[in-house]
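Participant: Input structure: input-v7.csv, which contains CSV, C-alpha atoms.
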chain,number,residue,atom,x,y,z
A,1,MET,CA,13.9,23.4,-22.1
A,2,SER,CA,15.8,21.5,-19.4
A,3,ILE,CA,15.8,17.7,-19.6
A,4,GLU,CA,14.3,17.7,-16.0
A,5,THR,CA,11.1,19.1,-17.5
A,6,ARG,CA,8.5,17.3,-19.6
A,7,SER,CA,10.7,17.1,-22.6
A,8,PRO,CA,9.8,15.1,-25.7
A,9,ASP,CA,12.8,12.7,-24.9
A,10,LEU,CA,11.5,12.1,-21.4
A,11,THR,CA,7.9,11.6,-22.7
A,12,GLN,CA,9.2,9.0,-25.2
A,13,ALA,CA,11.2,7.2,-22.5
A,14,LEU,CA,8.3,7.1,-20.1
A,15,SER,CA,5.6,6.2,-22.6
A,16,SER,CA,7.6,3.1,-23.6
A,17,ILE,CA,7.6,2.0,-19.9
A,18,CYS,CA,4.0,2.9,-19.1
A,19,SER,CA,1.9,2.4,-22.2
A,20,ASN,CA,1.3,-1.3,-21.7
A,21,ALA,CA,1.3,-1.4,-17.9
A,22,ASP,CA,-0.9,-3.9,-16.2
A,23,LEU,CA,-1.6,-4.5,-12.5
A,24,ALA,CA,1.8,-5.9,-11.7
A,25,ASN,CA,3.6,-3.0,-13.5
A,26,TYR,CA,1.4,-0.4,-11.7
A,27,CYS,CA,2.1,-1.9,-8.3
A,28,GLU,CA,5.9,-2.1,-9.0
A,29,ILE,CA,6.1,1.5,-10.3
A,30,LEU,CA,3.9,3.0,-7.6
A,31,ASP,CA,5.5,0.8,-4.9
A,32,ILE,CA,2.2,-0.5,-3.6
A,33,ARG,CA,0.7,-4.0,-3.1
A,34,GLU,CA,-2.6,-5.1,-4.6
A,35,SER,CA,-4.1,-5.3,-1.1
A,36,GLN,CA,-3.7,-1.5,-0.8
A,37,LEU,CA,-6.0,-1.0,-3.8
A,38,ILE,CA,-9.4,-0.6,-2.0
A,39,GLU,CA,-12.5,-0.4,-4.1
A,40,PRO,CA,-13.9,1.6,-5.6
A,41,ILE,CA,-10.8,2.3,-7.7
A,42,LEU,CA,-10.3,5.0,-10.4
A,43,ASP,CA,-7.5,5.0,-13.0
A,44,ILE,CA,-7.0,8.5,-14.4
A,45,GLY,CA,-5.5,8.5,-17.8
A,46,ALA,CA,-6.0,4.9,-18.7
A,47,GLY,CA,-4.4,3.8,-21.9
A,48,MET,CA,-6.6,2.7,-24.9
A,49,LYS,CA,-6.1,-0.9,-23.9
A,50,ASN,CA,-7.2,-0.1,-20.3
A,51,ARG,CA,-4.9,-2.9,-19.1
A,52,PHE,CA,-4.7,-1.9,-15.4
A,53,ALA,CA,-8.5,-1.7,-14.9
A,54,ASN,CA,-9.1,-4.8,-16.9
A,55,SER,CA,-6.5,-6.8,-15.0
A,56,LEU,CA,-8.1,-5.6,-11.7
A,57,ARG,CA,-11.5,-6.7,-12.9
A,58,SER,CA,-10.2,-10.1,-13.9
A,59,ARG,CA,-8.9,-10.5,-10.3
A,60,LYS,CA,-12.3,-9.8,-8.8
A,61,HIS,CA,-12.0,-6.1,-8.3
A,62,LYS,CA,-15.3,-5.4,-10.0
A,63,ASN,CA,-15.7,-1.8,-8.7
A,64,THR,CA,-13.0,-0.4,-11.0
A,65,PHE,CA,-13.3,2.5,-13.4
A,66,ALA,CA,-11.1,4.4,-15.8
A,67,VAL,CA,-11.0,7.7,-17.6
A,68,ASN,CA,-9.2,8.7,-20.8
A,69,PRO,CA,-9.5,12.1,-22.5
A,70,GLN,CA,-8.8,10.5,-25.9
A,71,LEU,CA,-12.2,8.8,-25.9
A,72,VAL,CA,-13.9,12.0,-27.1
A,73,LEU,CA,-12.8,10.8,-30.6
A,74,ASP,CA,-15.4,8.4,-32.1
A,75,ASP,CA,-12.8,6.1,-33.7
A,76,ARG,CA,-11.2,5.5,-30.3
A,77,ARG,CA,-14.4,4.6,-28.6
A,78,LYS,CA,-15.2,1.9,-31.2
A,79,LYS,CA,-12.0,0.1,-30.3
A,80,LEU,CA,-13.1,-0.3,-26.7
A,81,ARG,CA,-15.8,-3.0,-27.1
A,82,ARG,CA,-13.5,-5.7,-25.7
A,83,ASN,CA,-12.9,-3.8,-22.4
A,84,LYS,CA,-14.1,-5.4,-19.2
A,85,ALA,CA,-13.8,-2.3,-17.1
A,86,PRO,CA,-15.9,0.8,-17.7
A,87,ILE,CA,-13.9,3.6,-19.3
A,88,THR,CA,-15.2,7.1,-19.6
A,89,ALA,CA,-14.1,10.1,-21.7
A,90,ALA,CA,-13.1,12.8,-19.3
A,91,LEU,CA,-10.4,15.3,-18.5
A,92,ALA,CA,-8.7,15.1,-15.1
A,93,GLN,CA,-9.6,18.8,-14.6
A,94,ALA,CA,-13.3,18.0,-14.5
A,95,LEU,CA,-14.0,14.4,-13.5
A,96,PRO,CA,-17.6,13.3,-13.9
A,97,PHE,CA,-18.1,11.6,-10.5
A,98,ARG,CA,-19.7,12.5,-7.2
A,99,ASP,CA,-17.7,13.8,-4.3
A,100,GLU,CA,-16.1,11.1,-2.2
A,101,SER,CA,-16.7,8.3,-4.7
A,102,PHE,CA,-13.4,6.4,-4.6
A,103,ASN,CA,-11.1,4.8,-2.0
A,104,THR,CA,-8.2,4.5,-4.4
A,105,ILE,CA,-7.2,6.8,-7.3
A,106,ILE,CA,-4.3,5.8,-9.5
A,107,SER,CA,-2.6,7.8,-12.3
A,108,LEU,CA,0.4,6.4,-14.0
A,109,TYR,CA,2.0,8.7,-16.5
A,110,ALA,CA,-1.0,11.0,-16.8
A,111,VAL,CA,-1.2,13.3,-13.8
A,112,PRO,CA,0.7,15.5,-13.7
A,113,MET,CA,2.8,14.5,-16.8
A,114,HIS,CA,0.2,15.6,-19.3
A,115,LEU,CA,-0.9,18.7,-17.5
A,116,ARG,CA,0.1,22.4,-17.8
A,117,ASN,CA,1.5,23.7,-14.6
A,118,ASP,CA,-1.6,25.8,-13.9
A,119,ASP,CA,-3.8,22.7,-14.2
A,120,VAL,CA,-1.9,20.7,-11.5
A,121,GLU,CA,-3.7,22.4,-8.6
A,122,VAL,CA,-7.1,22.0,-10.3
A,123,VAL,CA,-6.5,18.3,-10.8
A,124,PHE,CA,-5.2,17.8,-7.2
A,125,SER,CA,-8.4,19.5,-6.0
A,126,GLU,CA,-10.5,17.1,-8.2
A,127,ILE,CA,-8.6,14.0,-6.9
A,128,TYR,CA,-9.1,15.2,-3.3
A,129,ARG,CA,-12.8,15.9,-4.0
A,130,LEU,CA,-13.3,12.3,-5.3
A,131,LEU,CA,-11.4,10.6,-2.5
A,132,LYS,CA,-13.5,9.1,0.4
A,133,PRO,CA,-12.2,9.8,3.9
A,134,GLY,CA,-9.2,7.5,4.5
A,135,GLY,CA,-8.8,7.2,0.7
A,136,GLN,CA,-5.4,7.5,-1.1
A,137,ALA,CA,-4.3,8.6,-4.5
A,138,TYR,CA,-1.1,7.4,-6.1
A,139,LEU,CA,0.5,9.5,-8.9
A,140,CYS,CA,3.7,8.7,-10.8
A,141,PRO,CA,5.9,9.8,-12.4
A,142,LEU,CA,6.5,13.4,-11.4
A,143,THR,CA,9.5,15.3,-12.8
A,144,LYS,CA,11.7,17.6,-10.8
A,145,MET,CA,9.6,20.5,-12.2
A,146,ASP,CA,6.5,18.8,-10.7
A,147,TYR,CA,8.2,18.1,-7.4
A,148,ASP,CA,9.2,21.8,-7.1
A,149,LEU,CA,5.7,22.9,-8.0
A,150,ILE,CA,4.2,20.7,-5.3
A,151,THR,CA,6.8,21.3,-2.6
A,152,GLN,CA,7.2,25.0,-3.1
A,153,THR,CA,3.5,25.8,-2.8
A,154,ASP,CA,0.9,24.8,-0.3
A,155,LEU,CA,-0.3,21.8,-2.3
A,156,MET,CA,1.5,19.3,0.1
A,157,ASP,CA,-0.3,20.7,3.1
A,158,ARG,CA,-3.7,21.4,1.5
A,159,TYR,CA,-4.0,17.9,0.0
A,160,HIS,CA,-2.0,15.9,2.6
A,161,CYS,CA,0.5,15.0,-0.1
A,162,LYS,CA,3.8,13.0,0.4
A,163,VAL,CA,6.4,13.1,-2.4
A,164,GLU,CA,9.3,10.7,-2.7
A,165,VAL,CA,11.9,9.6,-5.2
A,166,ALA,CA,10.4,6.8,-7.3
A,167,SER,CA,13.1,5.8,-9.8
A,168,TYR,CA,15.5,7.0,-12.5
A,169,VAL,CA,15.0,6.8,-16.2
A,170,ARG,CA,17.8,7.1,-18.8
A,171,VAL,CA,17.2,9.8,-21.3
A,172,LYS,CA,19.9,10.3,-23.9
A,173,ASP,CA,23.2,10.4,-21.9
A,174,GLN,CA,21.9,11.1,-18.4
A,175,TYR,CA,19.6,9.7,-15.8
A,176,ILE,CA,16.5,11.7,-14.7
A,177,ARG,CA,15.2,11.4,-11.2
A,178,LEU,CA,11.5,10.7,-11.0
A,179,PHE,CA,9.2,11.1,-8.1
A,180,ARG,CA,5.9,9.7,-7.0
A,181,ALA,CA,3.2,11.4,-4.9
A,182,ARG,CA,0.5,10.1,-2.6
A,183,ILE,CA,-2.5,12.1,-1.6
A,184,PHE,CA,-4.3,11.2,1.6
A,185,LYS,CA,-7.8,12.2,2.5
A,186,ARG,CA,-8.4,12.4,6.3
For this file, produce the structure as structure tokens.
Facilitator:
Amino acid sequence: MSIETRSPDLTQALSSICSNADLANYCEILDIRESQLIEPILDIGAGMKNRFANSLRSRKHKNTFAVNPQLVLDDRRKKLRRNKAPITAALAQALPFRDESFNTIISLYAVPMHLRNDDVEVVFSEIYRLLKPGGQAYLCPLTKMDYDLITQTDLMDRYHCKVEVASYVRVKDQYIRLFRARIFKR
């Protein structure tokens, strides 16, 4: 497996960066300002501490939601009593919300990092379904493999997607180029 793919080394490097991310970290990594986060907001793949959604709620963004597939486990749900923001057990492939429910959708280190290649299009379709007209989704990081999958298929055109270099992360003795994607609903 190439280091440019979702290797265990890359997963470990990224999880250390993203696992405790709050509002300021998300904005920096996604290259957005808080003013660009228009409610209602959905965080796909929220960590167990739900720091992003909780920090948004503490800053008066009350219409903020999060999903985490790990919550299907009873012991994980019990740890969530202190959360300020609602968090739901759900997979990105089948999100339990009505069409056009969100103005902003965020996924930091979840979509597409924790998806099989054949699930990426399904999740892009789900994200697009949930976005209100004029809404935007911000996804990061994408690997070179994700970039190729998106740019060499019709995903960019179908979901009005823009992909750009986000940053580099050091894995072992080399730097890996990471990308971020934005999906726009017209």
Participant: For A:Gly135, which residue among A:Val163, A:Leu42, A:Met113, A:Ile87 is the nearest when counting only C-alpha atoms?
Facilitator: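 That would be A:Leu42, the residue with the smallest distance to A:Gly135.
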Participant: Could you check the closest approach to A:Ile176 for each of A:Leu155, A:Thr143, A:Leu149, A:Glu39 and tell me which residue wins, using all atoms listed in the file?
Facilitator: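 Among the listed residues, A:Thr143 lies closest to A:Ile176.
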Participant: Determine, counting all atoms listed in the file, which protein, DNA and RNA residues have an atom within 8 Å of an atom of A:Asp99; residues of the same chain fewer than 6 positions away are not included. Present the result as number ranges by chain.
Facilitator: A: 129-132
Participant: Please provide as a PyMOL selection string all residues within 12 Å of A:Arg116, with the sequence filter that same-chain residues fewer than 3 positions apart are discarded (counting all atoms listed in the file).
Facilitator: chain A and resi 5-6+92-93+110-113+119-123+145-146+149
Participant: So what do you get for atom CA of A:Phe97 versus atom CA of A:Glu126, distance-wise?
Facilitator: 9.7 Å
Participant: Determine the nearest neighbour of A:Ser101 from the options A:Thr153, A:Gln70, A:Asn117, A:Asn63, counting all atoms listed in the file.
Facilitator: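 Closest to A:Ser101 of all the choices is A:Asn63.
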Participant: Between atom CA of A:Arg51 and atom CA of A:Asp22, what distance in Å does the model show, to one decimal?
Facilitator: 5.0 Å
Participant: Work out how far apart atom CA of A:Phe52 and atom CA of A:Arg33 are and give it in Å to one decimal.
Facilitator: 13.6 Å
Participant: Which neighbours of A:Ala53 fall inside 10 Å, counting all atoms listed in the file, when residues of the same chain fewer than 5 positions from it are skipped, and could you give them as a ChimeraX atom specification?
Facilitator: /A:22-23,41-43,46-47,58-59,61-66,83-87
Participant: For a quick check of understanding, using all atoms listed in the file, which of A:Ile44, A:Thr104, A:Arg182, A:Gly134 has the smallest distance to A:Leu91?
Facilitator: A:Ile44
Participant: Taking all atoms listed in the file into account, which of A:Ala94, A:Leu142, A:Cys27, A:Ile38 comes nearest A:Tyr168?
Facilitator: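 Of all the options, A:Leu142 lies closest to A:Tyr168.
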